[in-house]
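> The structure's right below; bear with me while I get my questions together.
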Amino acid sequence: MAKRQLAMVMDLNKCIGCQTCTVACKTQWTNRNGREYMYWNNVETYPGKGYPKDWREAGGGFNAAGDLQPGIIPNLESDYGVPWDYNFDELADGKTLEPHMDPTWGPNWDEDEGAGNFPSDNYFFYLPRICNHCDNAGCLSACPRDAIFKRDQDGVVLVDLDRCQGYRYCIAGCPYKKIYFNPKISKSEKCILCFPRIEKGLPPSCAHQCVGRIRFVGFLDDEESQVHKLVKKHKVALPLNKNYGTGPNIYYIPPTEAPPKFDANGKVIEGSQRVPMEELVSLFGEEVKDVIKRVKAEKEKKATTGESEVMDMLIAYQHQDMFRLDGAYYEQIAAENGKKLAPVDTRYRSGKHTKLQYKAVH
Amino acid sequence: MKKFTLTLTTLAVAATSAVASSYVTASKVDMDVTKVGTKSKVWEAADATSVTLYPQTTITFNDKNAVEQNSENVAKHAQVKAIYDGKNVAFMLKLSDPSYNSVDGTKTDTYPDGFAMQFSDATDANALPYIGMGSDGRPVVVHLQKAVKKHYEPNGNGDVAHQVNPGNTNKFGKELSKFDKAVDAKAMKKYQRAFVAEGFRSTTEIKDGSADFQSNMRWANGEWYATLTRPMSDDYVDLEGAFPVAFAVWDGEKLNRDGLKHISSWTAVDVAGQDANGELVTTLTTEVTGDAAKGQKEFDTNCASCHRYGDKQMAPEYMAPNLSNIGGYSTAAYLKESITDPHAVVVPGYNRNMHPNFKWYTVTDGKRMSTMPAYGWLGEEKINDIVAFLKTLKKEAK
């Protein structure tokens, strides 16, 4: 366990699957040099096979006894999908636009397919996924080279590329398949929670760019952070598949809202649940039932009284309330190591160790 | 094959099943051995020694497919030759492998064939480094080559401009082909690395150029031919008279990498024409004394409740190192030391968080202490019997 843990909360009720987060991450980190196929952030449709394909069946994580479970290493062509290109240079000769290969899978291949029958009881929701920066990371535990470490100051799980020798046991060990093998440099790479941005006062780019403002970022031990309030105080956010035993630190507000089902005559079935509760239980555990009750109660409270701290947070009025990056904390650590950090943005500096409050400038 | 024929007079009882090992002779040649390749004529005159490499089964890994593909592994035989010119020593390894496997930087789940040699500065044959990449205070230096096709690999050189795909540049025509050529010129042609280690999890790549070596790999007609040349003296080892080496080979076809490999035990190299460290050669080639049949009984009584071997699976999974091939890649001296003084060699093994219920060691004041109790109380005779039995634990080639 790290001394402190930086965490993210994602509100699944508000994710519209626009992939802005995906693109924000990709253009910043993974558009070059062997990373082209990687999506450190991806948004998949649930139910669905996801990315990489069938990652839930690919093993890894810990069993109840605490033993790391064997896993598999996904194949580039069939499980991740090769980033294909098009014959742009042939268009001038009158050819039609075609991919340069026959693609078989990709990061959003089964988008919006979901399950059930349209229109009576079909359903799906979007599930954005990044590395969970786990307390007991499967990737870290699988590494025979001590090449993966969890930063003490904020719990970000990182690969030491100097030590990594590209054995890929980490990929087998991660139950979320959120660590990737870069075949060009023969090393594993993964989401770094944009720590270079965070240290300089900017939230991770997936969270910053999110048009639905579904992502909250802050320290779990910072009682003023909305992350703390959603996860610890109001208990309305749950990690994905806690049963994998890795102690994930990305939390989700489960989907609570969906239209009712229709009967054979196209009439609304009052009180019906389009998203089966067992699906949500399989993702978030039994606690999801209580969480959904709590969120619905808060929604009702807001509608009737106009007051609800939970709803006011989930409405996501202000970025500077959603992101508390504790700038002074990072600057102090840098100073202790004889380095200097200068924030590029002061709006998100506040935090447990950052007493100085800056006035919003935007 | 050569056998070391010296028999110690103290060897009263012949071992029941252990076979004396061979040793490699490095013969002197009148050429610069840094120039040798796999096809050099100089190898024709050198004597070949058969070295047996056993599947590493002490620990298992968490790659499901790889574990399945390697579960029935048996020993492999490599033909080893050695020559030296006074300054450098060169080895030639011939290994049969029906499949050629290399990587070209485009796949996520393929692995290359490869080979490595491990050297040590230790001269005391009874206290050699742990075969799995050394142990505390007994460091090893390892030279590794893997079969890699030429591909661009910046490897931390900070050259961002050439990391993008051609389609992502704003170059066209001549400029684009210039870009492609620049990337090509920076390509990695050989995957060659040197490491220092005191136990396999501590393995650290030598990047300061202090471990100079040349190596080559060539695959033809189902055989790998590999050469490795290194200085007889550098910052890490002084190879004089006689010295220990160990070999490792990886089969990419079976998803081999890291500990999924075949390894030899420490093998003595006798430098022809130099005063040999006779004790080292003797210790590494002499049969063990002791009665393996009696040893098995002692082992099953005292050891099998923690250690699994072969079909004997009484011990809980993950409880202790699996000993199925321990006789193949361990020296008798190491086995004896491990029984009488388990704390002597405790390597940082696989990540302890993998199976936290069975800690193979505790850490006290920064020193690793084995959780295995010492068994010196069994007495010399019983221990020798157990060692003789352990030396039989190896899956020989059919």
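Ordering of the structure tokens sets the chain letters (A, B, ...); residue numbers start at 1 within each chain; ligands are numbered from 1 in the order shown.
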Check the DSSP output for the backbone and give back, as a ChimeraX atom specification, the residues of segment 241-309 of chain B in strand (DSSP E or B).
/B:242-250,262-263,267-271,309
> Per residue of chain B within 6 Å of chain A, record the nearest atom pair and its distance in Å to one decimal, counting only C-alpha atoms, with rows in chain order and ascending residue number, as a tab-separated table.

residue	atom	partner	partner_atom	distance
B:Asn62	CA	A:Pro70	CA	4.2
B:Asp63	CA	A:Gly71	CA	5.4
B:Lys64	CA	A:Pro70	CA	5.1
B:Gly105	CA	A:Lys184	CA	4.3
B:Thr106	CA	A:Pro183	CA	5.6
B:Lys107	CA	A:Pro183	CA	5.9
B:Thr108	CA	A:Leu76	CA	5.6
B:Asp109	CA	A:Asn75	CA	5.8
B:Glu153	CA	A:Ile185	CA	5.2
B:Asn155	CA	A:Ile185	CA	5.9
B:Gln163	CA	A:Asn33	CA	4.8
B:Val164	CA	A:Arg32	CA	4.7
B:Arg201	CA	A:Arg145	CA	4.7
B:Tyr350	CA	A:Pro144	CA	5.0
B:Asn351	CA	A:Ser141	CA	5.7
B:Asn353	CA	A:Ser141	CA	5.2
B:Met354	CA	A:Leu68	CA	5.0
B:His355	CA	A:Asp67	CA	4.7
> Generate the output file for the selected residues, all heavy atoms, as a compact mmCIF listing (two decimals), in the first residue's frame.

# COMPACT_ATOMS: atom_id res chain seq x y z
N ASN B 62 3.07 -17.56 -14.26
CA ASN B 62 1.62 -17.36 -14.32
C ASN B 62 1.09 -17.21 -15.74
O ASN B 62 0.02 -16.67 -15.94
CB ASN B 62 1.23 -16.14 -13.48
CG ASN B 62 1.81 -14.86 -14.05
OD1 ASN B 62 2.97 -14.83 -14.45
ND2 ASN B 62 1.04 -13.80 -14.11
N ASP B 63 1.88 -17.64 -16.74
CA ASP B 63 1.39 -17.60 -18.12
C ASP B 63 0.80 -18.99 -18.42
O ASP B 63 1.52 -19.97 -18.59
CB ASP B 63 2.55 -17.28 -19.07
CG ASP B 63 2.11 -17.26 -20.53
OD1 ASP B 63 1.05 -17.86 -20.85
OD2 ASP B 63 2.83 -16.66 -21.35
N LYS B 64 -0.52 -19.03 -18.49
CA LYS B 64 -1.25 -20.30 -18.60
C LYS B 64 -0.80 -21.11 -19.81
O LYS B 64 -0.45 -22.29 -19.69
CB LYS B 64 -2.74 -19.98 -18.71
CG LYS B 64 -3.65 -21.14 -18.55
CD LYS B 64 -5.06 -20.63 -18.25
CE LYS B 64 -6.09 -21.72 -18.43
NZ LYS B 64 -6.64 -21.74 -19.79
N GLY B 105 9.41 -7.26 -33.73
CA GLY B 105 8.85 -6.02 -33.22
C GLY B 105 7.43 -5.74 -33.66
O GLY B 105 6.99 -4.59 -33.64
N THR B 106 6.69 -6.79 -34.04
CA THR B 106 5.32 -6.55 -34.50
C THR B 106 4.27 -7.38 -33.77
O THR B 106 3.09 -7.20 -34.02
CB THR B 106 5.18 -6.85 -36.01
OG1 THR B 106 5.50 -8.23 -36.23
CG2 THR B 106 6.08 -5.98 -36.85
N LYS B 107 4.66 -8.29 -32.89
CA LYS B 107 3.66 -9.17 -32.26
C LYS B 107 3.71 -9.01 -30.74
O LYS B 107 4.75 -8.69 -30.16
CB LYS B 107 3.95 -10.64 -32.58
CG LYS B 107 4.13 -10.90 -34.06
CD LYS B 107 2.89 -11.52 -34.64
CE LYS B 107 3.14 -11.96 -36.06
NZ LYS B 107 2.09 -11.58 -36.98
N THR B 108 2.58 -9.29 -30.12
CA THR B 108 2.51 -9.17 -28.66
C THR B 108 2.74 -10.49 -27.94
O THR B 108 2.99 -10.50 -26.74
CB THR B 108 1.14 -8.64 -28.21
OG1 THR B 108 0.12 -9.46 -28.77
CG2 THR B 108 0.95 -7.20 -28.65
N ASP B 109 2.60 -11.61 -28.65
CA ASP B 109 2.63 -12.89 -27.93
C ASP B 109 3.55 -13.92 -28.58
O ASP B 109 3.28 -15.10 -28.55
CB ASP B 109 1.22 -13.45 -27.81
CG ASP B 109 0.52 -13.57 -29.16
OD1 ASP B 109 1.12 -13.15 -30.17
OD2 ASP B 109 -0.60 -14.10 -29.21
N GLU B 153 14.39 0.09 -32.72
CA GLU B 153 14.14 0.01 -31.29
C GLU B 153 14.96 1.10 -30.61
O GLU B 153 16.15 0.96 -30.42
CB GLU B 153 14.57 -1.38 -30.78
CG GLU B 153 14.01 -1.72 -29.44
CD GLU B 153 15.10 -1.83 -28.39
OE1 GLU B 153 16.20 -1.29 -28.60
OE2 GLU B 153 14.83 -2.42 -27.36
N ASN B 155 15.03 2.23 -27.63
CA ASN B 155 15.58 1.78 -26.36
C ASN B 155 16.12 2.91 -25.49
O ASN B 155 17.27 2.90 -25.07
CB ASN B 155 16.68 0.75 -26.63
CG ASN B 155 16.88 -0.12 -25.41
OD1 ASN B 155 16.00 -0.23 -24.57
ND2 ASN B 155 18.05 -0.72 -25.31
N GLN B 163 10.34 8.08 -33.89
CA GLN B 163 9.48 7.05 -33.31
C GLN B 163 8.13 6.96 -33.99
O GLN B 163 7.42 5.99 -33.82
CB GLN B 163 9.27 7.33 -31.81
CG GLN B 163 10.52 7.12 -31.00
CD GLN B 163 10.26 7.24 -29.50
OE1 GLN B 163 9.13 7.16 -29.06
NE2 GLN B 163 11.32 7.43 -28.74
N VAL B 164 7.75 8.01 -34.71
CA VAL B 164 6.41 8.00 -35.30
C VAL B 164 6.41 7.16 -36.58
O VAL B 164 7.43 6.96 -37.23
CB VAL B 164 5.92 9.43 -35.61
CG1 VAL B 164 5.74 10.20 -34.33
CG2 VAL B 164 6.85 10.14 -36.56
N ARG B 201 15.87 -12.26 -9.36
CA ARG B 201 15.04 -11.05 -9.41
C ARG B 201 15.89 -9.78 -9.36
O ARG B 201 15.42 -8.69 -9.66
CB ARG B 201 14.01 -11.05 -8.28
CG ARG B 201 12.77 -10.26 -8.65
CD ARG B 201 11.63 -10.51 -7.68
NE ARG B 201 11.70 -9.62 -6.55
CZ ARG B 201 11.43 -9.98 -5.31
NH1 ARG B 201 11.08 -11.22 -5.05
NH2 ARG B 201 11.50 -9.12 -4.33
N TYR B 350 11.03 -15.38 -7.20
CA TYR B 350 9.91 -14.73 -7.86
C TYR B 350 9.18 -13.85 -6.87
O TYR B 350 9.36 -13.95 -5.67
CB TYR B 350 9.02 -15.72 -8.57
CG TYR B 350 8.23 -16.71 -7.74
CD1 TYR B 350 7.12 -17.31 -8.30
CD2 TYR B 350 8.58 -17.05 -6.44
CE1 TYR B 350 6.39 -18.23 -7.57
CE2 TYR B 350 7.85 -17.97 -5.71
CZ TYR B 350 6.75 -18.55 -6.27
OH TYR B 350 6.03 -19.45 -5.57
N ASN B 351 8.39 -12.97 -7.40
CA ASN B 351 7.75 -11.96 -6.56
C ASN B 351 6.95 -12.63 -5.44
O ASN B 351 6.06 -13.43 -5.69
CB ASN B 351 6.84 -11.11 -7.43
CG ASN B 351 6.51 -9.80 -6.76
OD1 ASN B 351 6.05 -9.77 -5.63
ND2 ASN B 351 6.78 -8.71 -7.46
N ASN B 353 4.74 -11.60 -3.62
CA ASN B 353 3.32 -11.28 -3.55
C ASN B 353 2.47 -12.21 -4.41
O ASN B 353 1.25 -12.20 -4.34
CB ASN B 353 3.11 -9.83 -3.98
CG ASN B 353 1.93 -9.22 -3.29
OD1 ASN B 353 1.66 -9.53 -2.13
ND2 ASN B 353 1.21 -8.39 -4.00
N MET B 354 3.13 -13.01 -5.27
CA MET B 354 2.37 -13.95 -6.11
C MET B 354 1.64 -14.97 -5.25
O MET B 354 0.52 -15.33 -5.52
CB MET B 354 3.33 -14.70 -7.04
CG MET B 354 3.43 -14.13 -8.42
SD MET B 354 4.67 -15.02 -9.35
CE MET B 354 3.64 -15.94 -10.47
N HIS B 355 2.34 -15.46 -4.25
CA HIS B 355 1.76 -16.50 -3.39
C HIS B 355 2.07 -16.15 -1.94
O HIS B 355 2.95 -16.75 -1.31
CB HIS B 355 2.32 -17.87 -3.77
CG HIS B 355 2.09 -18.19 -5.21
ND1 HIS B 355 0.83 -18.33 -5.74
CD2 HIS B 355 2.95 -18.33 -6.24
CE1 HIS B 355 0.92 -18.57 -7.04
NE2 HIS B 355 2.20 -18.57 -7.37
> Assign secondary structure with DSSP using the backbone only, and return the residues of segment 243-397 of chain B in alpha helix (DSSP H) as a ChimeraX atom specification.
/B:278-285,292-302,326-329,332-340,380-390
> Of the candidates B:Met188, B:Ala90, B:Val80, B:Ala293, which shows the shortest atom-to-atom distance to Ala147 of chain B, using only C-alpha atoms?
B:Met188
> Hey, can you check how far atom CA of Ser71 of chain B sits from atom CA of Val249 of chain B?
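Calculated distance between atom CA of Ser71 of chain B and atom CA of Val249 of chain B is 16.4 Å.
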> Which residues come within 9 Å of Lys81 of chain B, counting only C-alpha atoms, excluding same-chain residues fewer than 6 positions away, as a PyMOL selection string?
chain B and resi 24-27+43+46-49+90-94
> Please save C-alpha atoms of the selected residues as a PDB file, in the first residue's frame.

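Result file follows (out-v5.pdb):
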ATOM      1  CA  VAL B  24      34.811 -28.462 -21.266  1.00  0.00           C
ATOM      2  CA  THR B  25      38.389 -27.928 -22.393  1.00  0.00           C
ATOM      3  CA  ALA B  26      39.312 -24.560 -23.860  1.00  0.00           C
ATOM      4  CA  SER B  27      42.180 -25.077 -26.269  1.00  0.00           C
ATOM      5  CA  TRP B  43      36.055 -24.782 -34.432  1.00  0.00           C
ATOM      6  CA  ALA B  46      38.217 -28.088 -31.059  1.00  0.00           C
ATOM      7  CA  ASP B  47      36.822 -30.974 -29.004  1.00  0.00           C
ATOM      8  CA  ALA B  48      33.102 -30.991 -28.339  1.00  0.00           C
ATOM      9  CA  THR B  49      31.655 -31.752 -24.917  1.00  0.00           C
ATOM     10  CA  ALA B  90      35.208 -18.101 -27.127  1.00  0.00           C
ATOM     11  CA  PHE B  91      32.488 -20.698 -26.852  1.00  0.00           C
ATOM     12  CA  MET B  92      30.521 -22.470 -29.520  1.00  0.00           C
ATOM     13  CA  LEU B  93      27.202 -24.063 -28.684  1.00  0.00           C
ATOM     14  CA  LYS B  94      25.297 -26.387 -30.978  1.00  0.00           C
TER      15      LYS B  94
END
> May I ask for the distance between atom CA of Ile263 of chain B and atom CA of Phe213 of chain B, given in Å to one decimal place?
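Those two atoms sit 20.6 Å apart.
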> When distances are computed from only C-alpha atoms, which of A:Phe125, A:Trp109, A:Phe262, A:Phe284 shows the smallest separation from Tyr244 of chain A?
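Distance minimum relative to Tyr244 of chain A lands on A:Phe284.
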> In Å to one decimal, how far is atom CA of Glu68 of chain B from atom CA of Glu57 of chain A?
17.1 Å
> Please list as number ranges by chain every residue within 9 Å of segment 221-228 of chain A, counting only C-alpha atoms and excluding residues in the same chain fewer than 2 positions away.
A: 4-9, 216-219, 230-234, 237, 251, 313, 321-324, 351-353
> Store the residues of this selection in a file with C-alpha atoms, as a PDB file, in the first residue's frame.

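See result-v5.pdb below for the written result:
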ATOM      1  CA  ARG A   4      -1.475   8.057  -0.128  1.00  0.00           C
ATOM      2  CA  GLN A   5      -3.686   6.991  -2.999  1.00  0.00           C
ATOM      3  CA  LEU A   6      -4.790   9.072  -5.906  1.00  0.00           C
ATOM      4  CA  ALA A   7      -8.104   7.804  -7.254  1.00  0.00           C
ATOM      5  CA  MET A   8     -10.629   8.492  -9.959  1.00  0.00           C
ATOM      6  CA  VAL A   9     -14.401   8.213  -9.921  1.00  0.00           C
ATOM      7  CA  PHE A 216     -13.378  13.063 -10.632  1.00  0.00           C
ATOM      8  CA  VAL A 217      -9.757  12.971  -9.514  1.00  0.00           C
ATOM      9  CA  GLY A 218      -8.363  13.366  -6.023  1.00  0.00           C
ATOM     10  CA  PHE A 219      -6.738  11.686  -3.075  1.00  0.00           C
ATOM     11  CA  LEU A 230     -18.317   9.897  -3.367  1.00  0.00           C
ATOM     12  CA  VAL A 231     -16.347   6.810  -2.369  1.00  0.00           C
ATOM     13  CA  LYS A 232     -15.981   7.046   1.396  1.00  0.00           C
ATOM     14  CA  LYS A 233     -18.536   9.507   2.747  1.00  0.00           C
ATOM     15  CA  HIS A 234     -21.618   8.806   0.630  1.00  0.00           C
ATOM     16  CA  ALA A 237     -18.971   4.632  -6.060  1.00  0.00           C
ATOM     17  CA  TYR A 251     -14.348   3.807  -8.887  1.00  0.00           C
ATOM     18  CA  MET A 313     -21.188  16.688  -7.164  1.00  0.00           C
ATOM     19  CA  ASP A 321     -14.198  21.154  -7.508  1.00  0.00           C
ATOM     20  CA  MET A 322     -13.851  17.837  -9.343  1.00  0.00           C
ATOM     21  CA  PHE A 323     -10.065  17.799  -9.423  1.00  0.00           C
ATOM     22  CA  ARG A 324      -8.040  18.297  -6.249  1.00  0.00           C
ATOM     23  CA  GLY A 351      -5.756  19.454  -1.491  1.00  0.00           C
ATOM     24  CA  LYS A 352      -5.100  18.088   1.962  1.00  0.00           C
ATOM     25  CA  HIS A 353      -1.577  19.505   2.026  1.00  0.00           C
TER      26      HIS A 353
END
> Please identify all polymer residues within 9 Å of Asn73 of chain B, counting only C-alpha atoms, omitting same-chain residues fewer than 4 positions from it, and present them as a PyMOL selection string.
chain B and resi 54-55+69+262+395+397
> Using only C-alpha atoms, pick whichever of A:Ser188, A:Gln209, A:Thr22, A:Asn132 has the shortest atom-to-atom distance to Ile148 of chain A.
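Looking only at the distances to Ile148 of chain A, the closest residue turns out to be A:Ser188.
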> May I have the residues within 9 Å of Glu98 of chain A as a list in words, using only C-alpha atoms and disregarding those fewer than 3 positions away in the same chain?
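Non-adjacent residues within range: Asp85, Tyr86, Asn87, Phe88, Lys95 and Met101 of chain A.
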> Produce a file of the selected residues containing all heavy atoms, as a short mmCIF file (atom, residue, chain, number, x, y, z; two decimals), in the first residue's frame.

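The resulting file, again-v2.cif, is shown below:
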data_model
loop_
_atom_site.label_atom_id
_atom_site.label_comp_id
_atom_site.auth_asym_id
_atom_site.auth_seq_id
_atom_site.Cartn_x
_atom_site.Cartn_y
_atom_site.Cartn_z
N ASP A 85 -4.46 0.97 -41.65
CA ASP A 85 -4.35 2.23 -42.38
C ASP A 85 -5.17 2.10 -43.66
O ASP A 85 -5.66 1.03 -43.98
CB ASP A 85 -2.88 2.53 -42.68
CG ASP A 85 -2.63 4.03 -42.68
OD1 ASP A 85 -3.59 4.79 -42.91
OD2 ASP A 85 -1.47 4.44 -42.46
N TYR A 86 -5.27 3.18 -44.41
CA TYR A 86 -6.05 3.17 -45.65
C TYR A 86 -5.17 3.50 -46.85
O TYR A 86 -4.09 4.08 -46.71
CB TYR A 86 -7.21 4.17 -45.55
CG TYR A 86 -8.25 3.74 -44.55
CD1 TYR A 86 -8.14 4.12 -43.21
CD2 TYR A 86 -9.33 2.95 -44.92
CE1 TYR A 86 -9.08 3.73 -42.28
CE2 TYR A 86 -10.28 2.55 -44.01
CZ TYR A 86 -10.15 2.94 -42.68
OH TYR A 86 -11.07 2.55 -41.76
N ASN A 87 -5.66 3.17 -48.04
CA ASN A 87 -4.89 3.37 -49.27
C ASN A 87 -5.04 4.79 -49.79
O ASN A 87 -5.43 4.99 -50.95
CB ASN A 87 -5.34 2.34 -50.33
CG ASN A 87 -6.84 2.43 -50.59
OD1 ASN A 87 -7.60 2.89 -49.74
ND2 ASN A 87 -7.26 2.02 -51.78
N PHE A 88 -4.75 5.78 -48.97
CA PHE A 88 -4.95 7.17 -49.36
C PHE A 88 -4.25 7.52 -50.66
O PHE A 88 -4.80 8.21 -51.51
CB PHE A 88 -4.46 8.10 -48.24
CG PHE A 88 -5.22 7.96 -46.96
CD1 PHE A 88 -4.59 7.49 -45.82
CD2 PHE A 88 -6.57 8.29 -46.88
CE1 PHE A 88 -5.28 7.35 -44.63
CE2 PHE A 88 -7.27 8.16 -45.70
CZ PHE A 88 -6.63 7.69 -44.57
N LYS A 95 -9.13 4.67 -57.21
CA LYS A 95 -9.47 3.52 -56.36
C LYS A 95 -10.42 3.96 -55.23
O LYS A 95 -10.45 5.14 -54.87
CB LYS A 95 -8.18 2.95 -55.72
CG LYS A 95 -7.22 2.37 -56.74
CD LYS A 95 -7.36 0.86 -56.79
CE LYS A 95 -6.57 0.23 -57.91
NZ LYS A 95 -5.12 0.47 -57.80
N MET A 101 -5.58 -3.81 -44.74
CA MET A 101 -5.63 -5.21 -44.31
C MET A 101 -7.07 -5.53 -43.97
O MET A 101 -7.94 -4.67 -44.02
CB MET A 101 -4.75 -5.41 -43.09
CG MET A 101 -5.15 -4.49 -41.94
SD MET A 101 -4.46 -4.96 -40.38
CE MET A 101 -5.20 -6.54 -40.13
#
> For Lys87 of chain B, which of B:Glu396, B:Asp234, B:Asp385, B:Glu198 is the closest residue, counting only C-alpha atoms?
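Smallest distance to Lys87 of chain B is found for B:Asp234.
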> Considering only C-alpha atoms, state which residue in the set A:Val211, A:Leu325, A:Val291, A:Leu91 is at the smallest distance from Arg197 of chain A.
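Between A:Val211, A:Leu325, A:Val291, A:Leu91, the residue approaching Arg197 of chain A most closely is A:Leu325.
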> Compile the contact shell of Cys131 of chain A as a list in words: residues with an atom at most 10 Å away, counting only C-alpha atoms, same-chain residues fewer than 4 positions apart removed.
Trp40, Asn41, Val156, Val157, Cys174, Tyr176, Lys177, Lys178, Ile179, Lys190, Cys191, Ile192, Leu193, Pro248, Asn249 and Ile250 of chain A
> For the residues selected in the previous step, produce a file with C-alpha atoms as a PDB file, in the first residue's frame.

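part09.pdb, written as the output of this step:
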ATOM      1  CA  TRP A  40      -4.404   2.981 -22.038  1.00  0.00           C
ATOM      2  CA  ASN A  41      -7.889   4.470 -21.859  1.00  0.00           C
ATOM      3  CA  VAL A 156       0.420   5.322  -9.181  1.00  0.00           C
ATOM      4  CA  VAL A 157       1.609   1.977 -10.585  1.00  0.00           C
ATOM      5  CA  CYS A 174      -3.477  -8.184 -14.692  1.00  0.00           C
ATOM      6  CA  TYR A 176      -8.138  -6.063 -16.402  1.00  0.00           C
ATOM      7  CA  LYS A 177      -5.539  -6.533 -19.177  1.00  0.00           C
ATOM      8  CA  LYS A 178      -4.601  -2.909 -18.775  1.00  0.00           C
ATOM      9  CA  ILE A 179      -0.872  -3.367 -19.174  1.00  0.00           C
ATOM     10  CA  LYS A 190       0.651   1.122 -19.215  1.00  0.00           C
ATOM     11  CA  CYS A 191      -1.492   4.049 -18.080  1.00  0.00           C
ATOM     12  CA  ILE A 192       0.625   6.322 -15.890  1.00  0.00           C
ATOM     13  CA  LEU A 193      -2.380   8.262 -14.556  1.00  0.00           C
ATOM     14  CA  PRO A 248      -8.523  -1.331  -7.704  1.00  0.00           C
ATOM     15  CA  ASN A 249      -8.555   2.447  -7.213  1.00  0.00           C
ATOM     16  CA  ILE A 250     -10.746   3.557 -10.102  1.00  0.00           C
TER      17      ILE A 250
END
